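Q: One file: my_file26.cif (mmCIF, C-alpha atoms).
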data_my_file
loop_
_atom_site.group_PDB
_atom_site.id
_atom_site.type_symbol
_atom_site.label_atom_id
_atom_site.label_comp_id
_atom_site.auth_asym_id
_atom_site.auth_seq_id
_atom_site.Cartn_x
_atom_site.Cartn_y
_atom_site.Cartn_z
ATOM 1 C CA MET A 602 -117.233 -11.490 41.479
ATOM 2 C CA LYS A 603 -116.193 -14.579 43.427
ATOM 3 C CA THR A 604 -119.678 -16.060 43.122
ATOM 4 C CA LEU A 605 -119.654 -15.641 39.351
ATOM 5 C CA LEU A 606 -116.286 -17.334 39.152
ATOM 6 C CA LEU A 607 -117.640 -20.147 41.308
ATOM 7 C CA ALA A 608 -120.706 -20.425 39.074
ATOM 8 C CA ALA A 609 -118.522 -20.498 35.964
ATOM 9 C CA LEU A 610 -116.348 -23.233 37.453
ATOM 10 C CA CYS A 611 -119.411 -25.295 38.346
ATOM 11 C CA PHE A 612 -120.857 -24.848 34.878
ATOM 12 C CA GLY A 613 -117.562 -25.917 33.349
ATOM 13 C CA ALA A 614 -117.572 -29.038 35.501
ATOM 14 C CA LEU A 615 -121.170 -29.788 34.510
ATOM 15 C CA THR A 616 -120.451 -29.280 30.837
ATOM 16 C CA TRP A 617 -117.245 -31.266 30.963
ATOM 17 C CA ALA A 618 -118.797 -34.119 32.944
ATOM 18 C CA GLY A 619 -121.547 -34.400 30.344
ATOM 19 C CA THR A 620 -119.055 -34.766 27.478
ATOM 20 C CA ALA A 621 -116.323 -36.826 29.128
ATOM 21 C CA GLY A 622 -117.838 -40.173 28.193
ATOM 22 C CA THR A 623 -118.502 -39.427 24.533
ATOM 23 C CA ALA A 624 -117.258 -41.743 21.805
ATOM 24 C CA GLY A 625 -113.857 -40.796 20.499
ATOM 25 C CA ALA A 626 -112.788 -39.071 23.691
ATOM 26 C CA SER A 627 -109.049 -38.973 24.142
ATOM 27 C CA ALA A 628 -107.391 -41.141 26.755
ATOM 28 C CA GLY A 629 -106.404 -37.963 28.614
ATOM 29 C CA ALA A 630 -110.010 -36.776 28.703
ATOM 30 C CA VAL A 631 -111.170 -40.111 30.071
ATOM 31 C CA ALA A 632 -108.411 -40.063 32.704
ATOM 32 C CA ARG A 633 -109.388 -36.531 33.750
ATOM 33 C CA ALA A 634 -113.024 -37.651 34.062
ATOM 34 C CA ALA A 635 -112.091 -39.807 37.027
ATOM 35 C CA THR A 636 -110.751 -36.778 38.915
ATOM 36 C CA ARG A 637 -113.666 -34.427 38.231
ATOM 37 C CA PRO A 638 -116.789 -34.488 40.424
ATOM 38 C CA VAL A 639 -119.945 -35.920 38.858
ATOM 39 C CA VAL A 640 -123.259 -34.215 39.596
ATOM 40 C CA VAL A 641 -125.799 -36.744 40.892
ATOM 41 C CA ASP A 642 -128.585 -34.410 42.026
ATOM 42 C CA VAL A 643 -129.717 -30.807 41.682
ATOM 43 C CA GLU A 644 -132.176 -29.320 44.161
ATOM 44 C CA GLY A 645 -133.888 -25.945 44.234
ATOM 45 C CA ASP A 646 -134.675 -23.339 41.608
ATOM 46 C CA LYS A 647 -133.103 -20.185 40.221
ATOM 47 C CA ALA A 648 -135.102 -17.820 42.435
ATOM 48 C CA ASP A 649 -134.295 -19.565 45.727
ATOM 49 C CA GLY A 650 -130.950 -21.031 44.672
ATOM 50 C CA PHE A 651 -129.749 -24.410 43.508
ATOM 51 C CA THR A 652 -127.732 -26.975 45.404
ATOM 52 C CA LEU A 653 -125.608 -29.387 43.402
ATOM 53 C CA HIS A 654 -124.788 -32.762 44.969
ATOM 54 C CA TYR A 655 -121.758 -34.662 43.711
ATOM 55 C CA ALA A 656 -121.016 -38.387 43.644
ATOM 56 C CA ASP A 657 -118.232 -37.954 46.206
ATOM 57 C CA GLY A 658 -120.751 -36.655 48.767
ATOM 58 C CA SER A 659 -119.809 -32.994 48.494
ATOM 59 C CA SER A 660 -122.253 -30.263 47.527
ATOM 60 C CA LEU A 661 -122.175 -26.720 46.216
ATOM 61 C CA SER A 662 -124.768 -23.960 46.462
ATOM 62 C CA PRO A 663 -124.146 -21.187 43.939
ATOM 63 C CA PRO A 664 -125.877 -17.838 44.494
ATOM 64 C CA THR A 665 -129.409 -17.211 43.287
ATOM 65 C CA ASP A 666 -129.824 -15.833 39.780
ATOM 66 C CA SER A 667 -130.621 -12.347 41.063
ATOM 67 C CA GLU A 668 -127.509 -12.286 43.285
ATOM 68 C CA ALA A 669 -125.305 -13.469 40.431
ATOM 69 C CA ALA A 670 -126.850 -10.998 37.974
ATOM 70 C CA ALA A 671 -126.418 -8.149 40.473
ATOM 71 C CA GLU A 672 -122.702 -8.839 40.595
ATOM 72 C CA CYS A 673 -122.547 -8.258 36.835
ATOM 73 C CA SER A 674 -123.006 -4.540 37.488
ATOM 74 C CA GLU A 675 -119.482 -4.488 38.949
ATOM 75 C CA TYR A 676 -117.911 -4.912 35.503
ATOM 76 C CA ASP A 677 -116.367 -1.795 33.945
ATOM 77 C CA THR A 678 -117.709 -1.908 30.396
ATOM 78 C CA ARG A 679 -121.229 -2.335 29.101
ATOM 79 C CA LEU A 680 -120.156 -5.261 26.927
ATOM 80 C CA ALA A 681 -118.686 -7.059 29.940
ATOM 81 C CA ARG A 682 -121.886 -6.466 31.945
ATOM 82 C CA VAL A 683 -124.063 -7.809 29.115
ATOM 83 C CA ARG A 684 -121.780 -10.817 28.633
ATOM 84 C CA CYS A 685 -121.973 -11.522 32.361
ATOM 85 C CA ARG A 686 -125.792 -11.325 32.436
ATOM 86 C CA VAL A 687 -126.075 -13.646 29.438
ATOM 87 C CA GLY A 688 -123.723 -16.097 31.159
ATOM 88 C CA VAL A 689 -125.806 -15.996 34.351
ATOM 89 C CA ARG A 690 -129.057 -16.636 32.451
ATOM 90 C CA THR A 691 -127.453 -19.492 30.523
ATOM 91 C CA TRP A 692 -125.993 -21.029 33.695
ATOM 92 C CA TYR A 693 -129.334 -21.089 35.509
ATOM 93 C CA ARG A 694 -131.223 -22.292 32.434
ATOM 94 C CA ASP A 695 -128.738 -25.166 32.138
ATOM 95 C CA LEU A 696 -129.066 -26.015 35.841
ATOM 96 C CA GLY A 697 -132.829 -26.287 35.364
ATOM 97 C CA ASP A 698 -132.307 -28.521 32.312
ATOM 98 C CA LEU A 699 -129.905 -30.725 34.273
ATOM 99 C CA GLN A 700 -132.403 -30.967 37.139
ATOM 100 C CA ARG A 701 -135.184 -32.067 34.764
ATOM 101 C CA SER A 702 -132.861 -34.542 33.025
ATOM 102 C CA LEU A 703 -131.846 -36.182 36.304
ATOM 103 C CA ALA A 704 -135.512 -36.453 37.326
ATOM 104 C CA TRP A 705 -136.380 -38.058 33.977
ATOM 105 C CA VAL A 706 -133.559 -40.597 34.316
ATOM 106 C CA ARG A 707 -134.709 -41.550 37.812
ATOM 107 C CA ALA A 708 -138.300 -41.967 36.632
ATOM 108 C CA HIS A 709 -137.317 -44.185 33.698
ATOM 109 C CA ARG A 710 -134.805 -46.568 35.280
#
Mind turning this structure into structure tokens?
A:
Amino acid sequence: MKTLLLAALCFGALTWAGTAGTAGASAGAVARAATRPVVVDVEGDKADGFTLHYADGSSLSPPTDSEAAAECSEYDTRLARVRCRVGVRTWYRDLGDLQRSLAWVRAHR
């Protein structure tokens, strides 16, 4: 359960960091952007696990997709288990997209 919460927090940071600089962002959103970590590199894959590297030098290694999905079985209701599995698949799909996007940016500087 803790690993899913950690994965959800990381995904929220990734999503938020990607939208913080958009046009029309509130002054509060821009101010909060300075306090949130910015992902500068993603290594690995969903089977062996990803490692996220942040601009401040810190890193985070969420569990592999199979470990995270296995924790979904701990939920009480079927709907909660399905929702959890969909969230895990979406999280790892988005990490792969972010990894490819960062590679593309580096190749086209």
Q: Can you work out the spacing between CA of Arg694 (chain A) and CA of Gly650 (chain A) in Å, to one decimal?
A: 12.3 Å
Q: Using only C-alpha atoms, list the residues that have an atom at most 12 Å from (-123.9, -15.5, 29.6), coordinates as in the file, as a PDB file with C-alpha atoms, in the frame of the given file.
A:
ATOM      1  CA  LEU A 605    -119.654 -15.641  39.351  1.00  0.00           C
ATOM      2  CA  ALA A 608    -120.706 -20.425  39.074  1.00  0.00           C
ATOM      3  CA  ALA A 609    -118.522 -20.498  35.964  1.00  0.00           C
ATOM      4  CA  PHE A 612    -120.857 -24.848  34.878  1.00  0.00           C
ATOM      5  CA  ASP A 666    -129.824 -15.833  39.780  1.00  0.00           C
ATOM      6  CA  ALA A 669    -125.305 -13.469  40.431  1.00  0.00           C
ATOM      7  CA  ALA A 670    -126.850 -10.998  37.974  1.00  0.00           C
ATOM      8  CA  CYS A 673    -122.547  -8.258  36.835  1.00  0.00           C
ATOM      9  CA  LEU A 680    -120.156  -5.261  26.927  1.00  0.00           C
ATOM     10  CA  ALA A 681    -118.686  -7.059  29.940  1.00  0.00           C
ATOM     11  CA  ARG A 682    -121.886  -6.466  31.945  1.00  0.00           C
ATOM     12  CA  VAL A 683    -124.063  -7.809  29.115  1.00  0.00           C
ATOM     13  CA  ARG A 684    -121.780 -10.817  28.633  1.00  0.00           C
ATOM     14  CA  CYS A 685    -121.973 -11.522  32.361  1.00  0.00           C
ATOM     15  CA  ARG A 686    -125.792 -11.325  32.436  1.00  0.00           C
ATOM     16  CA  VAL A 687    -126.075 -13.646  29.438  1.00  0.00           C
ATOM     17  CA  GLY A 688    -123.723 -16.097  31.159  1.00  0.00           C
ATOM     18  CA  VAL A 689    -125.806 -15.996  34.351  1.00  0.00           C
ATOM     19  CA  ARG A 690    -129.057 -16.636  32.451  1.00  0.00           C
ATOM     20  CA  THR A 691    -127.453 -19.492  30.523  1.00  0.00           C
ATOM     21  CA  TRP A 692    -125.993 -21.029  33.695  1.00  0.00           C
ATOM     22  CA  TYR A 693    -129.334 -21.089  35.509  1.00  0.00           C
ATOM     23  CA  ARG A 694    -131.223 -22.292  32.434  1.00  0.00           C
ATOM     24  CA  ASP A 695    -128.738 -25.166  32.138  1.00  0.00           C
TER      25      ASP A 695
END
Q: Using Å and a single decimal, report how far CA of Leu653 (chain A) sits from CA of Ala708 (chain A).
A: 19.1 Å
Q: Please provide as a ChimeraX atom specification all residues within 10 Å of Gly645 (chain A), with the sequence filter that same-chain residues fewer than 6 positions apart are discarded (counting only C-alpha atoms).
A: /A:651-653,662,665,696-697,700
Q: Emit the selected residues as a PDB file, in the coordinates of the input, including C-alpha atoms.
A:
ATOM      1  CA  PHE A 651    -129.749 -24.410  43.508  1.00  0.00           C
ATOM      2  CA  THR A 652    -127.732 -26.975  45.404  1.00  0.00           C
ATOM      3  CA  LEU A 653    -125.608 -29.387  43.402  1.00  0.00           C
ATOM      4  CA  SER A 662    -124.768 -23.960  46.462  1.00  0.00           C
ATOM      5  CA  THR A 665    -129.409 -17.211  43.287  1.00  0.00           C
ATOM      6  CA  LEU A 696    -129.066 -26.015  35.841  1.00  0.00           C
ATOM      7  CA  GLY A 697    -132.829 -26.287  35.364  1.00  0.00           C
ATOM      8  CA  GLN A 700    -132.403 -30.967  37.139  1.00  0.00           C
TER       9      GLN A 700
END
